[in-house]
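Written below as C-alpha cells is the structure these notes are about.
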Amino acid sequence: MSVRTPETDENKAPHRAGFACFVGRPNAGKSTLTNALVGQKVAITSNRPQTTRHTVRGIVHRPDAQLILVDTPGLHKPRTLLGERLNDVVRTTWAEVDVIGFCLPADQKLGPGDRFIAKELAEIKKTPKVAIVTKTDLVDSKTLAEQLIAIDQLGKELGIEWAEIVPVSAVGDKQVQLVADLLIPLLPQSPPLYPEGDLTDEPEMVMVAELIREAALEGVRDELPHSIAVVVEEMLPRENRPADRPLLDIHANVYIERPSQKGIIIGPKGKRLKEVGMKSRKHIEALLGTPVFLDLHVKVAKDWQRDPKQLRKLGF
C-alpha cells in the first residue's frame with residue numbers, strides 16, 4: 001500500500017509567499033484596499049491626499065500563500081524635502097517587491113499624475129504589474145468600461161504588459177479577494193515569511209502614532225494635512241494596577257509647523273484635541289487589546305517638513 005506524502009501529492013499547489021506593493025497617485029485608494037485585504041485597520045486612511053508616510057505592511061494569510069502588502073506614499077512631484085524623501089521611499093520599495101499593483105481610481109480620468117507613475121513603472125522591466133481600478137462603487141458600468149480601455153491603451157503606449165487589469169471596490173467589498181487571488185500566483189514559491197496571526201510588522205508605537213495622526217487629520221481645515229506629525233514618547237503599563245484591570249499610559253506629542261496652527265488642533269476650550277484623544281483611544285485600545293490612558297500635547301516644530309534635522313527627529 002502506498003502512502004501519499006505532501007511531496008508526492010501532485011495536486012498540492014506549492015506554497016507561495018512574497019511582497020506586493022500598491023502604487024498610485026495620492027488618494028487612489030491604496031490604504032483602503034490594504035485594510036480591506038488584511039481585514040483590519042493597518043494603514044491610515046483619510047480623504048486627504050498624501051497621508052501615508054510609512055511603508056505599512058499588511059499580511060494576508062491563506063493556507064497556500066502569504067501575501068505581504070507594502071503600502072507606499074503616493075508618488076508625486078515633490079515640493080519639499082519631505083516630498084523628495086517620500087518619493088525615494090517609493091522607488092526603493094518598487095525595486096524590492098515581487099509584484100506591483102498600480103491603483104487607478106475609476107471616478108477620475110487618467111491624468112498627468114498617472115502617466116508620471118506609469119512611465120516610471122515602464123522602466124522596471126522584470127516585476128509583474130497588475131492594474132487595479134479602485135472606487136468602482138462611484139461610477140456606472142459605461143464609465144468603468146471606458147477606464148479599463150484607457151488603462152489597457154496606456155500600457156500599450158508605454159510598453160507595459162499588464163499581468164491583469166482588475167476593477168475593485170474596497171468600500172463596497174466587491175472583488176477584494178479577487179485582487180489577492182490574482183496577485184498570489186505572481187509571487188515566488190516560498191514558505192511563510194511571517195508567523196500565522198501577524199497582520200503587520202509595524203512597531204506598535206508607530207501604529208499608535210499613525211492612529212493619533214489620522215484622528216488629528218479628521219475635520220481639520222485644508223491647510224494642515226502635511227503639517228501634522230505625531231511622536232509617541234512612551235508607552236508604559238500603569239504601576240500597581242490589579243492584574244484583571246491593566247491600564248497602559250501613552251504619552252504622545254502632536255507636532256505642527258507654526259504657532260498659528262496650534263489653535264486649530266486644540267480647538268475652542270480644547271474641544272478638538274479632546275475629540276482627537278477620544279477617537280484615537282478607541283482605535284488604539286482595539287489594536288492593543290488593553291485599556292489606555294492617552295496623554296496628548298501639541299508642540300511646534302518650526303517648518304519641520306523642510307528641515308533635515310527635524311525630519312530625522314520625527315522619524316523620516
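Residues in the C-alpha cells are named by chain (A, B, ... in the order shown) and by number from 1 within that chain; ligands are numbered from 1 in the order shown.
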
Can you tell me, as a ChimeraX atom specification, what residues are no more than 12 Å from Glu157 (chain A) when counting only C-alpha atoms, ignoring any on the same chain fewer than 5 positions away? /A:115,118-119,122,150-152,162

Check region 110-255 of chain A with DSSP on the backbone and list each residue it calls alpha helix (DSSP H), as a VMD selection string. chain A and resid 112 to 123 141 to 158 176 to 183 204 to 217

Check the smallest atom-to-atom distance from each of A:Leu86, A:Phe22, A:Glu146, A:Lys309 to Lys109 (chain A) using only C-alpha atoms, then report the winner.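 With only C-alpha atoms as the atom set, the closest residue is A:Glu146.
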
Let me make sure I understand: among A:Val38, A:Leu33, A:Ala20, A:Leu81, which one has the smallest atom-to-atom distance to Glu96 (chain A) if we use only C-alpha atoms?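 Among the listed residues, A:Ala20 lies closest to Glu96 (chain A).
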
Counting only C-alpha atoms, which of A:Ile68, A:Cys103, A:Ile160, A:Val139 gets nearest to Pro195 (chain A)? A:Ile68

Based on DSSP run over this structure's backbone, return all residues of region 129-267 of chain A in strand (DSSP E), as a ChimeraX atom specification. /A:129-134,162-167,229-237,248-256

Listing only residues of region 254-311 of chain A within 10 Å of region 208-211 of chain A, what is the closest atom pair and its distance in Å (to one decimal) for each, using only C-alpha atoms, sorted by chain and residue number ascending, as a tab-separated table?
```
residue	atom	partner	partner_atom	distance
A:Val254	CA	A:Ala209	CA	8.9
A:Val276	CA	A:Leu211	CA	9.7
A:Lys279	CA	A:Leu211	CA	9.0
A:Ser280	CA	A:Leu211	CA	5.7
A:Arg281	CA	A:Leu211	CA	8.5
A:Lys282	CA	A:Leu211	CA	9.7
A:His283	CA	A:Leu211	CA	7.0
A:Ile284	CA	A:Val208	CA	6.1
A:Glu285	CA	A:Val208	CA	9.6
A:Leu287	CA	A:Val208	CA	8.4
A:Leu288	CA	A:Val208	CA	9.0
```

Store the residues picked out above, limited to C-alpha atoms, as a PDB file, in the first residue's frame.
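Dumped everything to selection03.pdb:
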```
ATOM      1  CA  VAL A 254       1.361  66.187  18.086  1.00  0.00           C
ATOM      2  CA  VAL A 276      -8.854  63.527  18.775  1.00  0.00           C
ATOM      3  CA  LYS A 279     -11.406  58.887  18.768  1.00  0.00           C
ATOM      4  CA  SER A 280      -7.826  57.614  18.588  1.00  0.00           C
ATOM      5  CA  ARG A 281      -8.027  55.989  22.039  1.00  0.00           C
ATOM      6  CA  LYS A 282     -10.877  53.766  20.828  1.00  0.00           C
ATOM      7  CA  HIS A 283      -8.805  52.552  17.838  1.00  0.00           C
ATOM      8  CA  ILE A 284      -5.640  52.153  19.955  1.00  0.00           C
ATOM      9  CA  GLU A 285      -7.489  50.027  22.531  1.00  0.00           C
ATOM     10  CA  LEU A 287      -5.352  47.493  18.244  1.00  0.00           C
ATOM     11  CA  LEU A 288      -3.563  46.696  21.515  1.00  0.00           C
TER      12      LEU A 288
END
```

Do a neighbour search on Val171 (chain A) at 10 Å with only C-alpha atoms, toss out local chain neighbours closer than 4 positions, and write the hits as a VMD selection string. chain A and resid 29 32 to 33 36 134 to 137 176

Separating CA of Leu148 (chain A) from CA of Val166 (chain A), to the nearest tenth of an Å, is a gap of 8.4 Å

In terms of the shortest atom-to-atom distance over only C-alpha atoms, which of A:Gly113, A:Gly101, A:Pro167, A:Pro191 is closest to Asp64 (chain A)? A:Pro191

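If you look at CA of Val133 (chain A) and CA of Gly24 (chain A), they are 10.5 Å away from each other.
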
Could you tell me how far CA of Leu67 (chain A) lies from CA of Ala106 (chain A), in Å and to one decimal?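 About the pair CA of Leu67 (chain A) and CA of Ala106 (chain A): they are 24.6 Å apart.
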